[in-house]
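**Student:** Provided herewith is a single structure, encoded as structure tokens, for subsequent inquiry.
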Amino acid sequence: MRVLLCAPGSFLFCRADAFRQIGGFSTQLYAAEEVQLSLALRRWGRSKGIRFAILHSPRHVSSGRKFYLYSRREIAGFLARALFLTRSTLRDQKGLAIFYDGRR
């Protein structure tokens, strides 16, 4: 994501004034709200001559537990829905069962 300059699934740090001015995290999204926020922060910074940066050291290693909890078919189904029905998938908790169904 360093090439696209957006920060999915990441820790985000920003100035408080920037966060307030762009309206913070979207309350319309159940997923990808951090992507929306990082893109808005990048636009905000560009308008002020401030660079948006993604730190890549030290490396973050995320959990792969979802790949062990769900079958390939379930993961493929989720990815297909997310690809073809992106807007409705991100805005509806039911479309994101892989994250919200409580399976641990």
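In the structure tokens, chains take the letters A, B, ... in the order shown, each chain's residues start at 1, and ligands count up from 1 in the order shown.
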As a PyMOL selection string, which residues of chain A does DSSP assign to helix (DSSP H, G or I)?

**Tutor:** chain A and resi 16-22+33-48+65-69+72-84+86-91+93-100

**Student:** Excluding range 26-43 of chain A and residues on its chain fewer than 5 positions from it, collect all residues at most 6 Å away from it, counting only C-alpha atoms, and give them as a list in words.

**Tutor:**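 Here the qualifying residues turn out to be Cys6, Ala7, Pro8, Phe52, Leu90 and Arg91 of chain A.
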
**Student:** I need the chosen residues saved as a CSV table (one decimal), in the first residue's frame, with N, CA and C atoms.

**Tutor:**
chain,number,residue,atom,x,y,z
A,6,CYS,N,-2.3,4.5,0.8
A,6,CYS,CA,-3.4,4.4,1.7
A,6,CYS,C,-3.1,3.4,2.7
A,7,ALA,N,-3.8,3.3,3.8
A,7,ALA,CA,-3.3,2.5,5.0
A,7,ALA,C,-4.4,1.6,5.4
A,8,PRO,N,-4.7,0.5,4.7
A,8,PRO,CA,-5.7,-0.5,5.1
A,8,PRO,C,-5.2,-1.3,6.3
A,52,PHE,N,2.1,13.0,3.2
A,52,PHE,CA,1.5,11.8,3.8
A,52,PHE,C,2.5,10.7,3.7
A,90,LEU,N,-19.2,-3.0,2.3
A,90,LEU,CA,-18.6,-2.2,3.3
A,90,LEU,C,-19.5,-1.5,4.2
A,91,ARG,N,-20.8,-1.3,3.8
A,91,ARG,CA,-21.7,-0.6,4.6
A,91,ARG,C,-22.7,-1.4,5.4

**Student:** Counting only C-alpha atoms, which residue out of A:Leu4, A:Leu96, A:Leu12, A:Ala18 sits closest to Gly45 in chain A?

**Tutor:** A:Ala18
